[in-house]
Amino acid sequence: MCVTDVTPIEEIDDLPEQMQIRRDKRVAILSSGEDAYPVTVPVTTTVSAIRQKYAHLVADDHSGDAVGVAGRIMFMRNTGKLCFAQIQAGAGETLQLMLSLDRVGEVALESWKSLVDIGDIVAVEGEVISSKRGELSVTADRWQMASKALRPLPNLHKPLNEETRVRQRYADLIVRDTARNVARLRPAVMSSLRNSFAKRDFIEVETPMLQTMHGGAAARPFVTKSNAFDMELFLRIAPELFLKRCVVGGIERVFEINRNFRNEGADSTHSPEFAMLEFYQAYADYNDMADLTQALIQEAALAVHGSLDFELVEGGRRDLSGEWHRISVFPAVSEAVGQEITPATPIETLRALCDAAEISYDPKAIHGKLVEELLEHYVVENLTRPTFVIDYPVDTSPLVRDHRTVAGVVEKWDLYIDGYEAGTGYSELIDPIIQRERLVAQSQLKDGGDAEAMQLDEDFLRALEYGMPPSGGVGMGVDRLLMTLTGLNIRETILFPLVKPE
RNA sequence: GGGCCCCUAGCUCAGUUGGUUAGAGCAACGGACUUUUAAUCCGUGGGUCGUCGGUUCGAGCCCGACGGGGCCUACCA
């Protein structure tokens with residue numbers, strides 16, 4: 001037994017009335033010799049178990065079974081001699097509690113009325129019954145505070161504004177079904193992905209998040225410092241170069257799901273830290289990887305929705321069924337602009353086409369970049385179904401091998417779903433000499449001031465010199481996969497997205 | 001980074017051309033009620049109007065700076 005000091009240490013001035021009242025109730029509970037935050041409460045079952053087991057009870061039915069159950073009070077109705085409350089527990093299941101004068105007695109009923117608020121977590125012991133109105137209930141013989149809430153819950157009938165949802169996700173999870181569902185959707189999707197890989201003999205690895213040089217993507221890194229080594233370190237922007245080292249080492253089918261960090265802007269589709277899935281398969285090319293990517297996403301949709309054509313959280317439907325289209329960059333752009341565009345098209349022509357379409361572009365933009373601008377403007381905007389856009393310009397893709405037949409393009413695809421890039425896949429560049437040339441060119445860009453260009457990773461090149469089998473690789477944002485499966489923006493799919501301090 | 005908009009009670013929001021004491025719903029407090037489902041009825045309290053400064057006889061409202069947020073736009077997944 002411990003002695004609890006029930007004397008208020010100091011009245012907090014300017015505390016909102018409702019919070020002060022709840023603090024007073026806490027003190028009242030402690031003063032009566034009860035505990036407002038007990039170490040344990042007599043719980044024998046769960047709300048969802050009760051709902052399953054007693055679903056058959058008809059109105060005014062009594063089970064004869066005594067249970068102990070606990071949950072958070074979401075709704076209360078205190079009348080003279082019979083009180084109702086609805087508790088919420090588990091994945092958001094609810095159950096009615098009833099406290100009648102007959103069963104709990106006058107003292108317990110009065111203390112319930114005077115000490116319990118919406119938002120409190122309570123435990124009751126009593127019988128499972130169905131009320132006269134047919135509501136499955138536990139009618140209490142005893143009740144006990146499990147955790148006194150000192151803050152009132154947000155209005156349950158109006159949506160919490162977006163900022164408060166993100167800043168106080170705990171409150172959001174209490175009051176909003178969608179928040180709870182999305183929190184459970186992510187692990188369900190992860191587990192589907194891992195099952196999909198397991199049955200195809202892929203091995204999951206974990207590669208460094210703290211890297212001495214950043215590579216594998218074009219992005220600004222977060223920089224930090226190791227005190228012990230007295231050196232600059234980077235939070236990784238991609239695991240690519242390490243996963244390729246794995247493939248060199250003989251882990252022929254490998255994947256990683258982990259966080260990437262990019263020191264760039266945040267909006268409805270970008271977060272500074274985001275979950276990335278990358279996978280590599282030896283003796284596969286970008287066509288095989290497109291097949292596999294489509295299978296992974298379709299299997300995840302089936303796992304969480306039971307269908308490839310499903311309803312989105314905020315209305316509308318998404319259809320991921322069938323074989324997804326594959327369209328080639330240069331032919332698609334050529335068709336859209338009404339003239340033949342190839343890697344040999346003069347850059348002035350591309351600039352003129354961008355100007356004509358009122359596309360703003362960086363005056364220093366290279367040939368491939370302009371082609372991609374035209375692609376985004378004319379083609380990607382109009383994609384309604386999931387589509388693999390294949391065969392990109394070589395000059396924007398330093399880690400991809402040249403196309404086996406078409407000059408000036410590489411074997412790369414981007415998967416577009418609903419207008420955003422859901423993933424990217426390559427036939428990997430495995431020739432160490434060409435890879436060195438490409439990375440040297442990148443490091444010269446970097447020296448020229450391009451903060452997103454890659455550094456020259458000598459150890460990665462050394463690994464390639466041991467010989468990497470012909471391979472395909474894919475990178476896919478897990479948050480974006482959740483967006484695909486829900487239609488929500490990225491901040492709704494991440495439980496605790498980065499926000500500035502209040 | 002550029003443009004536009006927002007910040008009022010615990011929560012969600014009104015608030016007129018600058019003018020008495022800043023309102024509503026839910027929530028809270030007191031009372032009635034043994035079948036309520038956002039109960040109903042009677043009564044009550046709750047606000048540094050994001051912060052700081054300015055204009056004015058007078059500012060939630062007008063002006064400026066700062067903080068936080070949203071949307072659009074540019075870049076990255």
# chains A, B, ... in the order shown; residues from 1 in each chain; ligands from 1
$ interface_residues --of "chain B" --to "chain A" --cutoff "12 Å" --atoms "only C-alpha atoms (C1' of nucleotides)" --output "count of residues only"
40
$ residues_around --residues "A14 in chain B" --least-positions-apart "3" --cutoff "12 Å" --atoms "only C-alpha atoms (C1' of nucleotides)" --output "MDAnalysis selection string"
chainID B and resid 8 22:25
$ write_last_selection --atoms "all heavy atoms" --output "compact mmCIF listing (two decimals), in the first residue's frame"
# COMPACT_ATOMS: atom_id res chain seq x y z
P U B 8 -9.50 30.27 -32.69
OP1 U B 8 -8.90 29.68 -31.48
OP2 U B 8 -10.40 29.47 -33.53
O5' U B 8 -10.25 31.59 -32.27
C5' U B 8 -9.76 32.39 -31.23
C4' U B 8 -10.88 33.09 -30.52
O4' U B 8 -11.64 33.88 -31.48
C3' U B 8 -11.93 32.18 -29.92
O3' U B 8 -11.53 31.64 -28.67
C2' U B 8 -13.11 33.13 -29.81
O2' U B 8 -12.92 34.05 -28.76
C1' U B 8 -13.02 33.86 -31.14
N1 U B 8 -13.76 33.20 -32.23
C2 U B 8 -15.14 33.34 -32.24
O2 U B 8 -15.74 33.98 -31.40
N3 U B 8 -15.78 32.70 -33.28
C4 U B 8 -15.20 31.95 -34.26
O4 U B 8 -15.91 31.46 -35.13
C5 U B 8 -13.78 31.85 -34.19
C6 U B 8 -13.13 32.46 -33.20
P A B 22 -19.20 41.53 -23.42
OP1 A B 22 -18.43 40.64 -22.53
OP2 A B 22 -18.53 42.65 -24.10
O5' A B 22 -19.92 40.62 -24.51
C5' A B 22 -20.60 41.20 -25.62
C4' A B 22 -20.50 40.27 -26.80
O4' A B 22 -19.12 40.24 -27.23
C3' A B 22 -20.83 38.81 -26.49
O3' A B 22 -22.21 38.59 -26.66
C2' A B 22 -20.01 38.06 -27.52
O2' A B 22 -20.69 38.00 -28.76
C1' A B 22 -18.80 38.96 -27.71
N9 A B 22 -17.60 38.51 -26.99
C8 A B 22 -17.12 38.91 -25.77
N7 A B 22 -15.99 38.34 -25.41
C5 A B 22 -15.71 37.50 -26.47
C6 A B 22 -14.66 36.62 -26.71
N6 A B 22 -13.65 36.44 -25.88
N1 A B 22 -14.68 35.93 -27.87
C2 A B 22 -15.70 36.11 -28.72
N3 A B 22 -16.74 36.92 -28.61
C4 A B 22 -16.68 37.59 -27.45
P G B 23 -23.13 38.30 -25.43
OP1 G B 23 -23.85 39.55 -25.24
OP2 G B 23 -22.38 37.69 -24.32
O5' G B 23 -24.17 37.23 -25.98
C5' G B 23 -23.81 35.87 -26.04
C4' G B 23 -24.27 35.33 -27.36
O4' G B 23 -23.29 35.66 -28.39
C3' G B 23 -24.36 33.82 -27.39
O3' G B 23 -25.61 33.38 -26.87
C2' G B 23 -24.21 33.53 -28.87
O2' G B 23 -25.38 33.83 -29.57
C1' G B 23 -23.13 34.55 -29.25
N9 G B 23 -21.77 34.02 -29.09
C8 G B 23 -20.86 34.34 -28.12
N7 G B 23 -19.72 33.71 -28.24
C5 G B 23 -19.90 32.91 -29.37
C6 G B 23 -19.02 32.00 -30.00
O6 G B 23 -17.86 31.71 -29.68
N1 G B 23 -19.61 31.41 -31.10
C2 G B 23 -20.87 31.65 -31.55
N2 G B 23 -21.26 30.97 -32.62
N3 G B 23 -21.71 32.50 -30.98
C4 G B 23 -21.16 33.09 -29.90
P A B 24 -25.70 31.91 -26.22
OP1 A B 24 -27.00 31.84 -25.53
OP2 A B 24 -24.45 31.61 -25.50
O5' A B 24 -25.76 30.97 -27.52
C5' A B 24 -26.85 31.09 -28.43
C4' A B 24 -26.67 30.09 -29.55
O4' A B 24 -25.47 30.42 -30.30
C3' A B 24 -26.45 28.65 -29.11
O3' A B 24 -27.68 28.01 -28.84
C2' A B 24 -25.75 28.06 -30.33
O2' A B 24 -26.68 27.82 -31.37
C1' A B 24 -24.85 29.22 -30.75
N9 A B 24 -23.50 29.16 -30.18
C8 A B 24 -23.02 29.86 -29.10
N7 A B 24 -21.74 29.63 -28.84
C5 A B 24 -21.37 28.72 -29.82
C6 A B 24 -20.14 28.09 -30.09
N6 A B 24 -19.03 28.28 -29.38
N1 A B 24 -20.10 27.22 -31.14
C2 A B 24 -21.22 27.03 -31.85
N3 A B 24 -22.42 27.57 -31.70
C4 A B 24 -22.43 28.42 -30.65
P G B 25 -27.73 26.83 -27.76
OP1 G B 25 -29.16 26.53 -27.54
OP2 G B 25 -26.86 27.16 -26.61
O5' G B 25 -27.06 25.61 -28.53
C5' G B 25 -27.74 24.96 -29.61
C4' G B 25 -26.86 23.91 -30.20
O4' G B 25 -25.70 24.55 -30.80
C3' G B 25 -26.24 22.93 -29.20
O3' G B 25 -27.13 21.88 -28.86
C2' G B 25 -25.02 22.44 -29.96
O2' G B 25 -25.38 21.51 -30.96
C1' G B 25 -24.55 23.73 -30.63
N9 G B 25 -23.59 24.45 -29.79
C8 G B 25 -23.84 25.47 -28.92
N7 G B 25 -22.77 25.90 -28.31
C5 G B 25 -21.75 25.12 -28.80
C6 G B 25 -20.36 25.11 -28.50
O6 G B 25 -19.74 25.83 -27.71
N1 G B 25 -19.68 24.13 -29.23
C2 G B 25 -20.27 23.28 -30.12
N2 G B 25 -19.45 22.40 -30.71
N3 G B 25 -21.56 23.27 -30.41
C4 G B 25 -22.23 24.21 -29.72
$ atom_distance --atom1 "CA of Gln144 in chain A" --atom2 "CA of Met74 in chain A"
16.3 Å
$ residues_around --residues "range 399-410 of chain A" --least-positions-apart "3" --cutoff "9 Å" --atoms "only C-alpha atoms (C1' of nucleotides)" --output "PyMOL selection string"
chain A and resi 216-217+330+342-344+390-395+413+426-431+434-435+438-439
$ write_last_selection --atoms "C-alpha atoms" --output "short mmCIF file (atom, residue, chain, number, x, y, z; two decimals), in the first residue's frame"
data_model
loop_
_atom_site.label_atom_id
_atom_site.label_comp_id
_atom_site.auth_asym_id
_atom_site.auth_seq_id
_atom_site.Cartn_x
_atom_site.Cartn_y
_atom_site.Cartn_z
CA GLY A 216 20.61 6.05 -54.40
CA ALA A 217 18.31 8.96 -55.17
CA PHE A 330 8.91 9.20 -76.07
CA THR A 342 13.30 11.35 -79.58
CA PRO A 343 16.44 11.59 -77.45
CA ALA A 344 17.98 13.22 -80.54
CA ILE A 390 8.30 3.14 -69.26
CA ASP A 391 11.62 3.93 -70.99
CA TYR A 392 12.87 7.21 -69.55
CA PRO A 393 15.60 9.53 -70.87
CA VAL A 394 19.06 8.38 -69.87
CA ASP A 395 20.35 11.71 -68.56
CA TRP A 413 9.40 2.82 -65.32
CA TYR A 426 14.66 -0.35 -63.16
CA SER A 427 16.67 -2.86 -65.01
CA GLU A 428 19.66 -2.09 -62.84
CA LEU A 429 22.89 -0.77 -64.23
CA ILE A 430 25.50 -3.39 -63.31
CA ASP A 431 28.47 -2.42 -65.49
CA ILE A 434 29.58 2.83 -66.94
CA GLN A 435 28.27 3.24 -63.39
CA ARG A 438 27.57 8.21 -64.47
CA LEU A 439 28.43 8.82 -60.81
#
$ closest_residue --among "A:Phe310, A:Tyr37, A:Trp143, A:Phe242" --to "His214 in chain A" --atoms "only C-alpha atoms"
A:Phe242
$ residues_around --residues "Leu312 in chain A" --least-positions-apart "4" --cutoff "7 Å" --atoms "only C-alpha atoms (C1' of nucleotides)" --output "NGL selection string"
:A and (316-318 or 486-487)
$ write_last_selection --atoms "N, CA, C and O atoms" --output "short mmCIF file (atom, residue, chain, number, x, y, z; two decimals), in the first residue's frame"
data_model
loop_
_atom_site.label_atom_id
_atom_site.label_comp_id
_atom_site.auth_asym_id
_atom_site.auth_seq_id
_atom_site.Cartn_x
_atom_site.Cartn_y
_atom_site.Cartn_z
N GLY A 316 -15.96 7.92 -53.37
CA GLY A 316 -15.32 7.56 -54.62
C GLY A 316 -14.80 6.12 -54.57
O GLY A 316 -14.82 5.50 -53.51
N ARG A 317 -14.40 5.63 -55.72
CA ARG A 317 -13.91 4.26 -55.79
C ARG A 317 -12.53 4.25 -56.44
O ARG A 317 -12.14 5.20 -57.11
N ARG A 318 -11.82 3.16 -56.25
CA ARG A 318 -10.56 2.96 -56.97
C ARG A 318 -10.58 1.54 -57.52
O ARG A 318 -10.94 0.60 -56.81
N THR A 486 -6.53 4.14 -49.70
CA THR A 486 -7.55 4.86 -48.92
C THR A 486 -8.05 6.12 -49.61
O THR A 486 -9.15 6.58 -49.31
N GLY A 487 -7.23 6.72 -50.48
CA GLY A 487 -7.59 8.00 -51.07
C GLY A 487 -7.28 9.17 -50.15
O GLY A 487 -7.63 10.30 -50.46
#
$ residues_around --residues "Ile327 in chain A" --least-positions-apart "3" --cutoff "7 Å" --atoms "only C-alpha atoms (C1' of nucleotides)" --output "list of chain:residue names"
A:Ala332, A:Phe388, A:Val389, A:Ile390
$ write_last_selection --atoms "C-alpha atoms" --output "PDB file, in the first residue's frame"
ATOM      1  CA  ALA A 332       3.499   9.079 -75.586  1.00  0.00           C
ATOM      2  CA  PHE A 388       3.478   2.072 -65.860  1.00  0.00           C
ATOM      3  CA  VAL A 389       5.210   4.829 -67.800  1.00  0.00           C
ATOM      4  CA  ILE A 390       8.303   3.144 -69.262  1.00  0.00           C
TER       5      ILE A 390
END
$ atom_distance --atom1 "CA of Ser196 in chain A" --atom2 "CA of Pro497 in chain A"
27.6 Å
$ residues_around --residues "range 245-259 of chain A" --least-positions-apart "4" --cutoff "9 Å" --atoms "only C-alpha atoms (C1' of nucleotides)" --output "count of residues only"
37
$ select_by_dssp --residues "range 328-426 of chain A" --states "strand (DSSP E or B)" --output "mmCIF file with N, CA and C atoms, in the first residue's frame"
data_model
loop_
_atom_site.group_PDB
_atom_site.id
_atom_site.type_symbol
_atom_site.label_atom_id
_atom_site.label_comp_id
_atom_site.auth_asym_id
_atom_site.auth_seq_id
_atom_site.Cartn_x
_atom_site.Cartn_y
_atom_site.Cartn_z
ATOM 1 N N SER A 328 5.102 4.116 -73.281
ATOM 2 C CA SER A 328 6.495 4.553 -73.386
ATOM 3 C C SER A 328 6.579 6.071 -73.436
ATOM 4 N N THR A 387 -0.893 3.142 -64.205
ATOM 5 C CA THR A 387 -0.166 3.010 -65.469
ATOM 6 C C THR A 387 1.338 3.006 -65.225
ATOM 7 N N PHE A 388 2.018 2.057 -65.870
ATOM 8 C CA PHE A 388 3.478 2.072 -65.860
ATOM 9 C C PHE A 388 3.943 2.913 -67.042
ATOM 10 N N VAL A 389 4.625 4.020 -66.742
ATOM 11 C CA VAL A 389 5.210 4.829 -67.800
ATOM 12 C C VAL A 389 6.646 4.346 -67.951
ATOM 13 N N ILE A 390 7.023 3.843 -69.132
ATOM 14 C CA ILE A 390 8.303 3.144 -69.262
ATOM 15 C C ILE A 390 9.265 3.860 -70.215
ATOM 16 N N ASP A 391 10.541 3.489 -70.098
ATOM 17 C CA ASP A 391 11.618 3.928 -70.991
ATOM 18 C C ASP A 391 11.887 5.424 -70.915
ATOM 19 N N TYR A 392 12.573 5.805 -69.847
ATOM 20 C CA TYR A 392 12.866 7.215 -69.553
ATOM 21 C C TYR A 392 14.153 7.678 -70.218
ATOM 22 N N PRO A 393 14.341 8.989 -70.348
ATOM 23 C CA PRO A 393 15.602 9.533 -70.866
ATOM 24 C C PRO A 393 16.780 9.128 -69.981
ATOM 25 N N VAL A 400 20.381 3.461 -63.823
ATOM 26 C CA VAL A 400 19.600 2.543 -64.645
ATOM 27 C C VAL A 400 20.391 2.162 -65.887
ATOM 28 N N ASP A 402 21.088 1.167 -69.852
ATOM 29 C CA ASP A 402 20.546 1.603 -71.133
ATOM 30 C C ASP A 402 19.552 0.577 -71.664
ATOM 31 N N VAL A 409 17.550 5.981 -74.207
ATOM 32 C CA VAL A 409 16.601 5.787 -73.112
ATOM 33 C C VAL A 409 17.101 4.643 -72.242
ATOM 34 N N VAL A 410 16.548 4.592 -71.038
ATOM 35 C CA VAL A 410 16.958 3.562 -70.085
ATOM 36 C C VAL A 410 15.751 2.689 -69.730
ATOM 37 N N GLU A 411 16.030 1.517 -69.182
ATOM 38 C CA GLU A 411 14.961 0.584 -68.824
ATOM 39 C C GLU A 411 14.440 0.934 -67.432
ATOM 40 N N LYS A 412 13.599 1.940 -67.407
ATOM 41 C CA LYS A 412 13.047 2.430 -66.146
ATOM 42 C C LYS A 412 11.564 2.682 -66.321
ATOM 43 N N TRP A 413 10.796 2.397 -65.290
ATOM 44 C CA TRP A 413 9.396 2.821 -65.324
ATOM 45 C C TRP A 413 9.039 3.572 -64.053
ATOM 46 N N ASP A 414 8.047 4.429 -64.165
ATOM 47 C CA ASP A 414 7.390 5.028 -63.006
ATOM 48 C C ASP A 414 5.946 4.550 -63.031
ATOM 49 N N LEU A 415 5.468 4.149 -61.872
ATOM 50 C CA LEU A 415 4.065 3.740 -61.782
ATOM 51 C C LEU A 415 3.243 4.929 -61.280
ATOM 52 N N TYR A 416 2.274 5.338 -62.072
ATOM 53 C CA TYR A 416 1.402 6.442 -61.666
ATOM 54 C C TYR A 416 0.023 5.917 -61.290
ATOM 55 N N ILE A 417 -0.422 6.323 -60.111
ATOM 56 C CA ILE A 417 -1.782 6.008 -59.676
ATOM 57 C C ILE A 417 -2.404 7.308 -59.198
ATOM 58 N N TYR A 420 -0.146 10.643 -58.894
ATOM 59 C CA TYR A 420 1.142 10.732 -58.215
ATOM 60 C C TYR A 420 1.960 9.471 -58.490
ATOM 61 N N GLU A 421 3.262 9.615 -58.259
ATOM 62 C CA GLU A 421 4.164 8.518 -58.536
ATOM 63 C C GLU A 421 4.099 7.530 -57.378
ATOM 64 N N ALA A 422 3.661 6.323 -57.665
ATOM 65 C CA ALA A 422 3.489 5.332 -56.606
ATOM 66 C C ALA A 422 4.716 4.436 -56.487
ATOM 67 N N GLY A 423 5.576 4.430 -57.502
ATOM 68 C CA GLY A 423 6.761 3.595 -57.425
ATOM 69 C C GLY A 423 7.588 3.750 -58.674
ATOM 70 N N THR A 424 8.820 3.250 -58.608
ATOM 71 C CA THR A 424 9.698 3.321 -59.767
ATOM 72 C C THR A 424 10.496 2.033 -59.853
ATOM 73 N N GLY A 425 10.743 1.561 -61.084
ATOM 74 C CA GLY A 425 11.459 0.288 -61.251
ATOM 75 C C GLY A 425 12.479 0.367 -62.362
ATOM 76 N N TYR A 426 13.560 -0.390 -62.195
ATOM 77 C CA TYR A 426 14.658 -0.354 -63.164
ATOM 78 C C TYR A 426 15.064 -1.765 -63.575
#
$ decode --residues "range 429-439 of chain A" --atoms "all heavy atoms" --output "PDB file, in the first residue's frame"
ATOM      1  N   LEU A 429      21.585  -0.916 -63.600  1.00  0.00           N
ATOM      2  CA  LEU A 429      22.890  -0.769 -64.233  1.00  0.00           C
ATOM      3  C   LEU A 429      23.903  -1.574 -63.420  1.00  0.00           C
ATOM      4  O   LEU A 429      24.078  -1.332 -62.232  1.00  0.00           O
ATOM      5  CB  LEU A 429      23.286   0.709 -64.246  1.00  0.00           C
ATOM      6  CG  LEU A 429      24.689   1.044 -64.758  1.00  0.00           C
ATOM      7  CD1 LEU A 429      24.910   0.484 -66.163  1.00  0.00           C
ATOM      8  CD2 LEU A 429      24.907   2.547 -64.745  1.00  0.00           C
ATOM      9  N   ILE A 430      24.557  -2.571 -64.063  1.00  0.00           N
ATOM     10  CA  ILE A 430      25.504  -3.393 -63.309  1.00  0.00           C
ATOM     11  C   ILE A 430      26.927  -3.307 -63.843  1.00  0.00           C
ATOM     12  O   ILE A 430      27.844  -3.888 -63.270  1.00  0.00           O
ATOM     13  CB  ILE A 430      25.059  -4.879 -63.277  1.00  0.00           C
ATOM     14  CG1 ILE A 430      24.967  -5.447 -64.698  1.00  0.00           C
ATOM     15  CG2 ILE A 430      23.735  -5.018 -62.531  1.00  0.00           C
ATOM     16  CD1 ILE A 430      24.765  -6.964 -64.716  1.00  0.00           C
ATOM     17  N   ASP A 431      27.110  -2.571 -64.944  1.00  0.00           N
ATOM     18  CA  ASP A 431      28.470  -2.422 -65.491  1.00  0.00           C
ATOM     19  C   ASP A 431      29.222  -1.399 -64.640  1.00  0.00           C
ATOM     20  O   ASP A 431      28.877  -0.211 -64.625  1.00  0.00           O
ATOM     21  CB  ASP A 431      28.371  -1.943 -66.948  1.00  0.00           C
ATOM     22  CG  ASP A 431      29.733  -1.780 -67.603  1.00  0.00           C
ATOM     23  OD1 ASP A 431      30.725  -1.505 -66.871  1.00  0.00           O
ATOM     24  OD2 ASP A 431      29.809  -1.915 -68.833  1.00  0.00           O
ATOM     25  N   PRO A 432      30.266  -1.842 -63.914  1.00  0.00           N
ATOM     26  CA  PRO A 432      30.945  -0.934 -62.975  1.00  0.00           C
ATOM     27  C   PRO A 432      31.591   0.253 -63.666  1.00  0.00           C
ATOM     28  O   PRO A 432      31.682   1.337 -63.058  1.00  0.00           O
ATOM     29  CB  PRO A 432      32.026  -1.809 -62.330  1.00  0.00           C
ATOM     30  CG  PRO A 432      31.746  -3.201 -62.744  1.00  0.00           C
ATOM     31  CD  PRO A 432      30.880  -3.175 -63.956  1.00  0.00           C
ATOM     32  N   ILE A 433      32.036   0.069 -64.897  1.00  0.00           N
ATOM     33  CA  ILE A 433      32.731   1.160 -65.600  1.00  0.00           C
ATOM     34  C   ILE A 433      31.727   2.259 -65.973  1.00  0.00           C
ATOM     35  O   ILE A 433      31.954   3.447 -65.725  1.00  0.00           O
ATOM     36  CB  ILE A 433      33.440   0.631 -66.867  1.00  0.00           C
ATOM     37  CG1 ILE A 433      34.434  -0.467 -66.491  1.00  0.00           C
ATOM     38  CG2 ILE A 433      34.123   1.780 -67.610  1.00  0.00           C
ATOM     39  CD1 ILE A 433      35.559  -0.027 -65.562  1.00  0.00           C
ATOM     40  N   ILE A 434      30.598   1.836 -66.560  1.00  0.00           N
ATOM     41  CA  ILE A 434      29.581   2.829 -66.938  1.00  0.00           C
ATOM     42  C   ILE A 434      28.998   3.488 -65.686  1.00  0.00           C
ATOM     43  O   ILE A 434      28.771   4.700 -65.652  1.00  0.00           O
ATOM     44  CB  ILE A 434      28.463   2.179 -67.790  1.00  0.00           C
ATOM     45  CG1 ILE A 434      29.066   1.688 -69.109  1.00  0.00           C
ATOM     46  CG2 ILE A 434      27.331   3.171 -68.060  1.00  0.00           C
ATOM     47  CD1 ILE A 434      28.090   0.944 -69.996  1.00  0.00           C
ATOM     48  N   GLN A 435      28.799   2.678 -64.642  1.00  0.00           N
ATOM     49  CA  GLN A 435      28.273   3.237 -63.395  1.00  0.00           C
ATOM     50  C   GLN A 435      29.216   4.306 -62.851  1.00  0.00           C
ATOM     51  O   GLN A 435      28.786   5.360 -62.399  1.00  0.00           O
ATOM     52  CB  GLN A 435      28.070   2.136 -62.355  1.00  0.00           C
ATOM     53  CG  GLN A 435      27.489   2.644 -61.045  1.00  0.00           C
ATOM     54  CD  GLN A 435      26.047   3.134 -61.183  1.00  0.00           C
ATOM     55  OE1 GLN A 435      25.109   2.357 -61.087  1.00  0.00           O
ATOM     56  NE2 GLN A 435      25.868   4.429 -61.432  1.00  0.00           N
ATOM     57  N   ARG A 436      30.524   4.028 -62.930  1.00  0.00           N
ATOM     58  CA  ARG A 436      31.498   5.023 -62.455  1.00  0.00           C
ATOM     59  C   ARG A 436      31.382   6.314 -63.264  1.00  0.00           C
ATOM     60  O   ARG A 436      31.354   7.412 -62.699  1.00  0.00           O
ATOM     61  CB  ARG A 436      32.920   4.464 -62.532  1.00  0.00           C
ATOM     62  CG  ARG A 436      33.994   5.492 -62.159  1.00  0.00           C
ATOM     63  CD  ARG A 436      35.391   4.913 -62.167  1.00  0.00           C
ATOM     64  NE  ARG A 436      35.566   3.900 -61.127  1.00  0.00           N
ATOM     65  CZ  ARG A 436      35.860   4.190 -59.852  1.00  0.00           C
ATOM     66  NH1 ARG A 436      36.017   5.446 -59.467  1.00  0.00           N
ATOM     67  NH2 ARG A 436      35.999   3.230 -58.966  1.00  0.00           N
ATOM     68  N   GLU A 437      31.277   6.182 -64.579  1.00  0.00           N
ATOM     69  CA  GLU A 437      31.159   7.384 -65.417  1.00  0.00           C
ATOM     70  C   GLU A 437      29.930   8.209 -65.016  1.00  0.00           C
ATOM     71  O   GLU A 437      29.978   9.427 -64.901  1.00  0.00           O
ATOM     72  CB  GLU A 437      31.034   6.987 -66.903  1.00  0.00           C
ATOM     73  CG  GLU A 437      32.330   6.476 -67.511  1.00  0.00           C
ATOM     74  CD  GLU A 437      32.106   5.801 -68.864  1.00  0.00           C
ATOM     75  OE1 GLU A 437      30.948   5.830 -69.357  1.00  0.00           O
ATOM     76  OE2 GLU A 437      33.078   5.248 -69.403  1.00  0.00           O
ATOM     77  N   ARG A 438      28.823   7.507 -64.811  1.00  0.00           N
ATOM     78  CA  ARG A 438      27.573   8.214 -64.468  1.00  0.00           C
ATOM     79  C   ARG A 438      27.712   8.927 -63.113  1.00  0.00           C
ATOM     80  O   ARG A 438      27.260  10.053 -62.949  1.00  0.00           O
ATOM     81  CB  ARG A 438      26.411   7.221 -64.384  1.00  0.00           C
ATOM     82  CG  ARG A 438      26.111   6.481 -65.688  1.00  0.00           C
ATOM     83  CD  ARG A 438      24.913   7.101 -66.406  1.00  0.00           C
ATOM     84  NE  ARG A 438      24.531   6.308 -67.569  1.00  0.00           N
ATOM     85  CZ  ARG A 438      23.657   5.314 -67.533  1.00  0.00           C
ATOM     86  NH1 ARG A 438      23.050   4.998 -66.403  1.00  0.00           N
ATOM     87  NH2 ARG A 438      23.370   4.644 -68.636  1.00  0.00           N
ATOM     88  N   LEU A 439      28.316   8.226 -62.150  1.00  0.00           N
ATOM     89  CA  LEU A 439      28.428   8.818 -60.807  1.00  0.00           C
ATOM     90  C   LEU A 439      29.439   9.962 -60.789  1.00  0.00           C
ATOM     91  O   LEU A 439      29.256  10.948 -60.061  1.00  0.00           O
ATOM     92  CB  LEU A 439      28.788   7.745 -59.769  1.00  0.00           C
ATOM     93  CG  LEU A 439      27.668   6.752 -59.457  1.00  0.00           C
ATOM     94  CD1 LEU A 439      28.139   5.700 -58.462  1.00  0.00           C
ATOM     95  CD2 LEU A 439      26.432   7.462 -58.912  1.00  0.00           C
TER      96      LEU A 439
END
